[in-house]
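The structure appears right after this line, and notes come after that.
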Amino acid sequence: MATQESAAPLRIIFADDAGDSRTIAAFASLSVHLDDLAIAKMDLLRFRSELEGDPDLGIPIDASLHAQDLAAGRGRHVHRPGLSGAARDAHLGRCRGVIRRGLGAVAGIPRARVTAVYRETDDYGRDRPALQRAWLARINAELAASDEYGVVMVDGDGTEASLIDAYHDLPERDRRVKGVPLFASARINYFLQAADLLAYAAYQSVAKRPEREFMWGWFGAALPWADGPCAL
């Protein structure tokens, strides 16, 4: 007989961080219902196919997207060293627009949940792990409220122990996150690349860096239903 736990809905939660390594740490996640995972992948593949087919961008469908590089117009597939003046500005605008288009793709995923958190800090090494711990507790509470379970996947190689420690800090009796967080490279995972876009956009919405003013409202405009960005 199936147990109540095994019958409960399951979500896959893809997460990544952002911040400036000095004054603000940020973390964001995309939660996809297991039953919607194939549809969500098709949505992201459609977004990537559009980028590859865009004559002004031509970003290969298997290329890794990084929001920080897109915002600066740098990287192997978007850097155009021969451009200058108005042509360079127009290309930079198209590169930055990829972030906005990615947020729109995430917004279209059925039953998706987006969570974004941040913490202002004067000790990044102390507060970044603390923020991840608070984020995981928030995710766990969200899963409990909807009577679901979740598997967490994070961009990285597993050498950082803070999220694993955060998992073990969750009360075992009320633990809705199943197993320690899994680590994978965003280079080959469209969902983790989407989490990167979310984290960077959420970070810019609270950091209010003058050089990224064009992004200040993007996260809220694309994802008005998101949880956050919340200060934790």
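Residue names in the structure tokens use chain letters A, B, ... in the order shown, residue numbers from 1 in each chain, and ligand numbers from 1 in the order shown.
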TODO: Give me the residues within 7 Å of stretch 191-194 of chain A as a list of chain:residue names, counting only C-alpha atoms and dropping any in the same chain fewer than 3 places off.
DONE: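 Result of the neighbour search: A:Phe14, A:Ala15, A:Asp16, A:Leu65, A:His66, A:Gly102, A:Asp155, A:Ala186, A:Leu197, A:Leu198.
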Just list the residues in stretch 17-186 of chain A DSSP gives strand (DSSP E) on the backbone, as a short mmCIF file (atom, residue, chain, number, x, y, z; two decimals) with N, CA, C and O atoms, in the first residue's frame.
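out-v3.cif, written as the output of this step:
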data_model
loop_
_atom_site.label_atom_id
_atom_site.label_comp_id
_atom_site.auth_asym_id
_atom_site.auth_seq_id
_atom_site.Cartn_x
_atom_site.Cartn_y
_atom_site.Cartn_z
N ASP A 17 22.07 31.64 -6.72
CA ASP A 17 22.26 32.85 -5.92
C ASP A 17 22.73 34.00 -6.79
O ASP A 17 23.07 33.86 -7.96
N ALA A 18 22.73 35.18 -6.18
CA ALA A 18 23.23 36.41 -6.81
C ALA A 18 23.71 37.31 -5.69
O ALA A 18 23.69 36.94 -4.52
N GLY A 19 24.13 38.51 -6.05
CA GLY A 19 24.62 39.44 -5.04
C GLY A 19 25.93 40.06 -5.48
O GLY A 19 26.43 39.78 -6.57
N ILE A 24 25.06 42.77 -0.33
CA ILE A 24 23.76 42.11 -0.49
C ILE A 24 23.98 40.68 -0.98
O ILE A 24 24.69 40.45 -1.96
N ALA A 25 23.36 39.75 -0.29
CA ALA A 25 23.29 38.36 -0.75
C ALA A 25 21.86 38.11 -1.20
O ALA A 25 20.91 38.58 -0.57
N ALA A 26 21.70 37.38 -2.29
CA ALA A 26 20.36 37.10 -2.81
C ALA A 26 20.30 35.64 -3.26
O ALA A 26 21.30 35.04 -3.64
N PHE A 27 19.09 35.10 -3.22
CA PHE A 27 18.88 33.70 -3.59
C PHE A 27 17.49 33.60 -4.18
O PHE A 27 16.54 34.23 -3.68
N ALA A 28 17.34 32.83 -5.25
CA ALA A 28 16.03 32.68 -5.88
C ALA A 28 15.85 31.27 -6.37
O ALA A 28 16.82 30.56 -6.66
N SER A 29 14.59 30.87 -6.49
CA SER A 29 14.31 29.50 -6.92
C SER A 29 13.07 29.45 -7.80
O SER A 29 12.16 30.27 -7.69
N LEU A 30 13.07 28.45 -8.67
CA LEU A 30 11.95 28.12 -9.52
C LEU A 30 11.47 26.74 -9.12
O LEU A 30 12.22 25.76 -9.21
N SER A 31 10.22 26.66 -8.68
CA SER A 31 9.64 25.40 -8.23
C SER A 31 8.64 24.92 -9.28
O SER A 31 7.70 25.63 -9.62
N VAL A 32 8.87 23.69 -9.78
CA VAL A 32 8.03 23.13 -10.84
C VAL A 32 7.42 21.82 -10.34
O VAL A 32 8.13 20.95 -9.83
N HIS A 33 6.11 21.70 -10.49
CA HIS A 33 5.42 20.46 -10.13
C HIS A 33 5.95 19.34 -11.03
O HIS A 33 6.12 19.53 -12.22
N ARG A 113 6.20 28.17 -9.16
CA ARG A 113 6.36 29.06 -8.01
C ARG A 113 7.76 29.65 -8.07
O ARG A 113 8.73 28.94 -8.36
N VAL A 114 7.84 30.91 -7.78
CA VAL A 114 9.13 31.60 -7.74
C VAL A 114 9.29 32.22 -6.36
O VAL A 114 8.39 32.90 -5.87
N THR A 115 10.42 31.96 -5.75
CA THR A 115 10.73 32.52 -4.44
C THR A 115 12.06 33.25 -4.53
O THR A 115 13.03 32.71 -5.07
N ALA A 116 12.10 34.47 -4.01
CA ALA A 116 13.34 35.26 -4.03
C ALA A 116 13.53 35.91 -2.67
O ALA A 116 12.59 36.50 -2.12
N VAL A 117 14.73 35.78 -2.15
CA VAL A 117 15.04 36.34 -0.84
C VAL A 117 16.39 37.05 -0.90
O VAL A 117 17.20 36.80 -1.80
N TYR A 118 16.61 37.95 0.04
CA TYR A 118 17.89 38.65 0.08
C TYR A 118 18.19 39.07 1.51
O TYR A 118 17.32 39.05 2.40
N ARG A 119 19.43 39.46 1.72
CA ARG A 119 19.85 39.96 3.03
C ARG A 119 20.95 41.00 2.83
O ARG A 119 21.93 40.74 2.13
N GLU A 120 20.75 42.15 3.42
CA GLU A 120 21.81 43.15 3.44
C GLU A 120 22.83 42.75 4.50
O GLU A 120 22.47 42.23 5.56
N TYR A 149 5.80 17.70 -1.31
CA TYR A 149 7.20 17.46 -0.99
C TYR A 149 8.05 18.04 -2.12
O TYR A 149 7.54 18.34 -3.20
N GLY A 150 9.33 18.21 -1.86
CA GLY A 150 10.18 18.82 -2.86
C GLY A 150 11.59 18.27 -2.86
O GLY A 150 12.11 17.84 -1.82
N VAL A 151 12.19 18.27 -4.04
CA VAL A 151 13.60 17.94 -4.21
C VAL A 151 14.30 19.21 -4.69
O VAL A 151 13.83 19.86 -5.62
N VAL A 152 15.37 19.58 -4.03
CA VAL A 152 16.07 20.83 -4.33
C VAL A 152 17.32 20.54 -5.17
O VAL A 152 18.11 19.64 -4.85
N MET A 153 17.48 21.31 -6.23
CA MET A 153 18.68 21.24 -7.08
C MET A 153 19.30 22.62 -7.19
O MET A 153 18.59 23.60 -7.44
N VAL A 154 20.59 22.70 -6.98
CA VAL A 154 21.30 23.98 -6.92
C VAL A 154 22.47 23.98 -7.88
O VAL A 154 23.12 22.95 -8.09
N ASP A 155 22.72 25.13 -8.47
CA ASP A 155 23.91 25.27 -9.33
C ASP A 155 25.16 25.18 -8.47
O ASP A 155 25.33 25.92 -7.50
N LEU A 182 20.63 18.58 -4.23
CA LEU A 182 21.46 18.03 -5.29
C LEU A 182 22.19 19.18 -5.98
O LEU A 182 21.65 20.28 -6.09
N PHE A 183 23.39 18.93 -6.45
CA PHE A 183 24.17 19.96 -7.12
C PHE A 183 24.43 19.54 -8.57
O PHE A 183 24.70 18.38 -8.86
N ALA A 184 24.31 20.51 -9.47
CA ALA A 184 24.53 20.25 -10.89
C ALA A 184 25.04 21.52 -11.54
O ALA A 184 24.88 22.62 -11.01
#
Spatial neighbours of A:Arg96, 8 Å, only C-alpha atoms, chain gap at least 2 places, as a CSV table (one decimal) with C-alpha atoms, in the first residue's frame:
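The file below, selection.csv, is the result:
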chain,number,residue,atom,x,y,z
A,70,LEU,CA,23.9,39.3,-20.7
A,71,ALA,CA,23.4,42.5,-18.7
A,72,ALA,CA,27.0,43.5,-19.6
A,73,GLY,CA,26.9,42.3,-23.2
A,92,LEU,CA,23.6,45.6,-25.7
A,93,GLY,CA,19.8,46.3,-25.4
A,94,ARG,CA,19.1,43.0,-27.2
A,98,VAL,CA,17.2,38.1,-23.2
A,99,ILE,CA,16.9,38.4,-19.4
A,100,ARG,CA,13.4,39.9,-19.7
Open item on the list: Applying 9 Å and only C-alpha atoms, which residues near A:Lys41 remain after dropping the ones on its own chain fewer than 5 positions away? List them as a PyMOL selection string.
Closed with: chain A and resi 36+46+109+190-191
Shell around A:Leu34 at 8 Å using only C-alpha atoms, local window under 6 positions removed, as an mmCIF file with N, CA and C atoms, in the first residue's frame:
data_model
loop_
_atom_site.group_PDB
_atom_site.id
_atom_site.type_symbol
_atom_site.label_atom_id
_atom_site.label_comp_id
_atom_site.auth_asym_id
_atom_site.auth_seq_id
_atom_site.Cartn_x
_atom_site.Cartn_y
_atom_site.Cartn_z
ATOM 1 N N PRO A 9 2.000 15.143 -3.718
ATOM 2 C CA PRO A 9 2.618 15.768 -4.900
ATOM 3 C C PRO A 9 4.080 16.135 -4.634
ATOM 4 N N LEU A 10 4.857 16.087 -5.696
ATOM 5 C CA LEU A 10 6.287 16.380 -5.590
ATOM 6 C C LEU A 10 6.649 17.534 -6.506
ATOM 7 N N ARG A 11 7.495 18.418 -6.006
ATOM 8 C CA ARG A 11 8.016 19.533 -6.787
ATOM 9 C C ARG A 11 9.529 19.434 -6.896
ATOM 10 N N ILE A 12 10.043 19.882 -8.027
ATOM 11 C CA ILE A 12 11.490 20.006 -8.218
ATOM 12 C C ILE A 12 11.806 21.497 -8.122
#
For A:Glu50, work out the shell of residues within 9 Å, counting only C-alpha atoms and skipping chain neighbours fewer than 5 positions away, then give it as a short mmCIF file (atom, residue, chain, number, x, y, z; two decimals) with all heavy atoms, in the first residue's frame.
data_model
loop_
_atom_site.label_atom_id
_atom_site.label_comp_id
_atom_site.auth_asym_id
_atom_site.auth_seq_id
_atom_site.Cartn_x
_atom_site.Cartn_y
_atom_site.Cartn_z
N LEU A 45 12.70 25.31 -23.73
CA LEU A 45 13.31 24.99 -25.03
C LEU A 45 12.78 25.91 -26.13
O LEU A 45 13.53 26.31 -27.02
CB LEU A 45 13.02 23.53 -25.40
CG LEU A 45 13.94 22.48 -24.76
CD1 LEU A 45 13.40 21.08 -25.01
CD2 LEU A 45 15.36 22.60 -25.27
N GLY A 58 21.35 34.95 -32.27
CA GLY A 58 21.89 33.66 -32.68
C GLY A 58 22.57 32.90 -31.55
O GLY A 58 23.60 32.25 -31.76
N ILE A 59 22.02 32.96 -30.35
CA ILE A 59 22.62 32.25 -29.21
C ILE A 59 22.27 30.77 -29.34
O ILE A 59 21.09 30.41 -29.32
CB ILE A 59 22.09 32.81 -27.88
CG1 ILE A 59 22.41 34.30 -27.75
CG2 ILE A 59 22.70 32.04 -26.71
CD1 ILE A 59 21.79 34.96 -26.53
N ILE A 61 21.24 27.00 -28.90
CA ILE A 61 20.28 26.46 -27.95
C ILE A 61 20.95 25.74 -26.78
O ILE A 61 20.40 25.63 -25.70
CB ILE A 61 19.29 25.51 -28.68
CG1 ILE A 61 18.02 25.33 -27.85
CG2 ILE A 61 19.96 24.20 -29.04
CD1 ILE A 61 16.89 24.68 -28.61
#
Open item on the list: If DSSP is run on the backbone, what residues of stretch 111-144 of chain A are helix (DSSP H, G or I)? A reply as a VMD selection string would be ideal.
Closed with: chain A and resid 124 to 144
TODO: Point out the residue among A:Asp123, A:Glu148, A:Glu213, A:Asp56 with the least atom-to-atom distance to A:Ala87, counting only C-alpha atoms.
DONE: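 Under the stated criterion, the closest residue is A:Asp56.
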- [ ] Give me, please, the distance in Å between atom CA of A:Gly125 and atom CA of A:Leu163, quoted to one decimal.
- [x]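 We find that atom CA of A:Gly125 and atom CA of A:Leu163 lie 13.7 Å from each other.
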- [ ] Go ahead and compute the interatomic distance for atom CA of A:Gly217 and atom CA of A:Asp43, in Å to one decimal.
- [x]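 Spanning atom CA of A:Gly217 to atom CA of A:Asp43 is a straight-line distance of 23.2 Å.
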TODO: Name the closest residue to A:Ala130 among the candidates A:Leu232, A:Ala63, A:Met42, A:Val106; distances are taken between atoms, counting only C-alpha atoms.
DONE: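 Of all the options, A:Leu232 lies closest to A:Ala130.
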- [ ] Rank A:Arg176, A:Arg80, A:Arg111, A:Arg22 by their smallest atom-to-atom distance to A:Ala40, using only C-alpha atoms, and report the top residue only.
- [x]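 Ranking A:Arg176, A:Arg80, A:Arg111, A:Arg22 by distance to A:Ala40, first place goes to A:Arg111.
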Open item on the list: So the first atom is atom CA of A:Thr23 and the second is atom CA of A:Tyr124; what is the distance between them in Å, to one decimal place?
Closed with: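 Here the two named atoms are 6.9 Å from each other.
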TODO: Could you check which of A:Pro60, A:Gly156, A:Gly75, A:Pro171 is closest to A:Asn140, using only C-alpha atoms?
DONE: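 When distances to A:Asn140 are compared using only C-alpha atoms, the smallest one comes from A:Pro171.
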Task: Residue nearest A:Ala161 - candidates A:His79, A:Arg101, A:Arg128, A:Arg74, atoms counted: only C-alpha atoms - done: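 Smallest separation from A:Ala161 among the options: A:Arg128.
Of the listed residues (A:Asp196, A:Glu172, A:Asp35, A:Glu52), A:Asp196 comes nearest to A:Asp69; the distances count only C-alpha atoms.
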